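Each remark here refers to the structure printed beneath this line.
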Amino acid sequence: MMLSAADNGPGSVWICYFKPDVIKEEFNLPDNLVPVNILALGYTEETADTNRHATARIPMNELVCYL
């Protein structure tokens, strides 16, 4: 899908870090489906802010757990 999108114009990004329970609730997914990745597609005329990760990312203590 990403290669096809690139050939047809939209940009894409593979999203691996998200909260599956939120996606299941928002999209009314049945209990037997578990989202494992998200593919976002879209067009933009703007250049991405390369410093956005400092404020837009999930804090490490919410993302990583050491046992």
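Residues in the structure tokens are numbered from 1 in each chain, the chains being A, B, ... in the order shown, and ligands are numbered from 1 in the order shown.
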Open item on the list: At a cut-off of 9 Å, using only C-alpha atoms, what residues contact Ile58 (chain A)? Leave out same-chain residues fewer than 4 positions from it and give the result as a PyMOL selection string.
Closed with: chain A and resi 17-18+62-63
Could those selected residues go to a file with all heavy atoms, as an mmCIF file, in the first residue's frame?
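Just written: again_29.cif:
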data_model
loop_
_atom_site.group_PDB
_atom_site.id
_atom_site.type_symbol
_atom_site.label_atom_id
_atom_site.label_comp_id
_atom_site.auth_asym_id
_atom_site.auth_seq_id
_atom_site.Cartn_x
_atom_site.Cartn_y
_atom_site.Cartn_z
ATOM 1 N N TYR A 17 3.394 2.758 17.201
ATOM 2 C CA TYR A 17 3.181 3.097 18.605
ATOM 3 C C TYR A 17 1.856 3.813 18.765
ATOM 4 O O TYR A 17 1.711 4.969 18.398
ATOM 5 C CB TYR A 17 4.319 3.976 19.129
ATOM 6 C CG TYR A 17 5.656 3.293 19.045
ATOM 7 C CD1 TYR A 17 6.618 3.737 18.170
ATOM 8 C CD2 TYR A 17 5.926 2.189 19.838
ATOM 9 C CE1 TYR A 17 7.844 3.099 18.079
ATOM 10 C CE2 TYR A 17 7.144 1.541 19.757
ATOM 11 C CZ TYR A 17 8.095 2.014 18.879
ATOM 12 O OH TYR A 17 9.295 1.373 18.793
ATOM 13 N N PHE A 18 0.876 3.087 19.300
ATOM 14 C CA PHE A 18 -0.448 3.643 19.549
ATOM 15 C C PHE A 18 -1.112 2.765 20.599
ATOM 16 O O PHE A 18 -0.596 1.717 20.976
ATOM 17 C CB PHE A 18 -1.282 3.697 18.266
ATOM 18 C CG PHE A 18 -1.529 2.351 17.640
ATOM 19 C CD1 PHE A 18 -2.671 1.637 17.921
ATOM 20 C CD2 PHE A 18 -0.593 1.795 16.781
ATOM 21 C CE1 PHE A 18 -2.896 0.391 17.352
ATOM 22 C CE2 PHE A 18 -0.804 0.557 16.206
ATOM 23 C CZ PHE A 18 -1.951 -0.152 16.500
ATOM 24 N N GLU A 62 5.590 6.164 29.636
ATOM 25 C CA GLU A 62 4.298 5.591 29.253
ATOM 26 C C GLU A 62 4.468 4.536 28.160
ATOM 27 O O GLU A 62 3.581 3.738 27.934
ATOM 28 C CB GLU A 62 3.356 6.675 28.746
ATOM 29 C CG GLU A 62 2.860 7.619 29.808
ATOM 30 C CD GLU A 62 1.903 8.649 29.251
ATOM 31 O OE1 GLU A 62 1.237 8.356 28.230
ATOM 32 O OE2 GLU A 62 1.834 9.750 29.824
ATOM 33 N N LEU A 63 5.588 4.562 27.482
ATOM 34 C CA LEU A 63 5.812 3.688 26.340
ATOM 35 C C LEU A 63 6.642 2.461 26.685
ATOM 36 O O LEU A 63 6.419 1.383 26.149
ATOM 37 C CB LEU A 63 6.519 4.499 25.235
ATOM 38 C CG LEU A 63 6.702 3.837 23.889
ATOM 39 C CD1 LEU A 63 5.357 3.525 23.254
ATOM 40 C CD2 LEU A 63 7.491 4.758 22.980
#
- [ ] Give the answer as one residue: which of A:Val13, A:Ala5, A:Leu67, A:Met60 has the shortest atom-to-atom distance to Ile38 (chain A), using only C-alpha atoms?
- [x]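 Closest to Ile38 (chain A), using only C-alpha atoms: A:Val13.
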I want to know what sits within 7 Å of Ser12 (chain A), based on only C-alpha atoms, with residues of the same chain fewer than 3 positions away left out; could you give that as a PDB file with N, CA and C atoms, in the first residue's frame?
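Dumped everything to selection.pdb:
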ATOM      1  N   MET A   2       1.970   1.217   0.735  1.00  0.00           N
ATOM      2  CA  MET A   2       2.842   2.394   0.779  1.00  0.00           C
ATOM      3  C   MET A   2       3.474   2.661  -0.580  1.00  0.00           C
ATOM      4  N   LEU A  39      -1.634   2.594   9.037  1.00  0.00           N
ATOM      5  CA  LEU A  39      -1.030   3.214   7.859  1.00  0.00           C
ATOM      6  C   LEU A  39      -1.781   4.511   7.596  1.00  0.00           C
ATOM      7  N   ALA A  40      -1.119   5.624   7.798  1.00  0.00           N
ATOM      8  CA  ALA A  40      -1.713   6.936   7.545  1.00  0.00           C
ATOM      9  C   ALA A  40      -1.321   7.393   6.147  1.00  0.00           C
ATOM     10  N   LEU A  41      -2.301   7.861   5.392  1.00  0.00           N
ATOM     11  CA  LEU A  41      -2.079   8.340   4.026  1.00  0.00           C
ATOM     12  C   LEU A  41      -2.579   9.769   3.918  1.00  0.00           C
ATOM     13  N   GLY A  42      -1.933  10.571   3.086  1.00  0.00           N
ATOM     14  CA  GLY A  42      -2.420  11.930   2.890  1.00  0.00           C
ATOM     15  C   GLY A  42      -1.523  12.761   2.011  1.00  0.00           C
TER      16      GLY A  42
END
Open item on the list: Please report the interatomic distance between CA of Pro35 (chain A) and CA of Pro20 (chain A) in Å with one decimal.
Closed with: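 Value for the CA of Pro35 (chain A)-CA of Pro20 (chain A) distance: 5.8 Å.
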Open item on the list: I need the residues in chain A that are helix (DSSP H, G or I) according to DSSP; give them as a list in words.
Closed with: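 Written out, the helix (DSSP H, G or I) residues of chain A are Met2, Leu3, Ser4, Ala5, Ala6, Asp7, Asn8, Pro20, Asp21, Val22, Ile23, Lys24, Glu25, Glu26, His53, Ala54, Thr55, Ala56, Met60, Asn61, Glu62 and Leu63 of chain A.
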Task: Nearby residues (only C-alpha atoms) at most 12 Å from Leu33 (chain A), same-chain spacing under 6 positions excluded, as a VMD selection string - done: chain A and resid 20 to 21 23 to 25 27
Open item on the list: What's the separation between CA of Pro10 (chain A) and CA of Tyr43 (chain A), in Å to one decimal place?
Closed with: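 Taking CA of Pro10 (chain A) as the start and CA of Tyr43 (chain A) as the end point, the length is 5.0 Å.
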Task: Computed interatomic separation between CA of Gly11 (chain A) and CA of Ala56 (chain A) (Å) - done: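 One can read the CA of Gly11 (chain A) to CA of Ala56 (chain A) distance as 19.7 Å.
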- [ ] Give me every strand (DSSP E) residue in region 19-61 of chain A, going by DSSP on the backbone, as a list of chain:residue names.
- [x]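 Here are the strand (DSSP E) residues of region 19-61 of chain A: A:Ile38, A:Leu39, A:Ala40, A:Leu41, A:Gly42.
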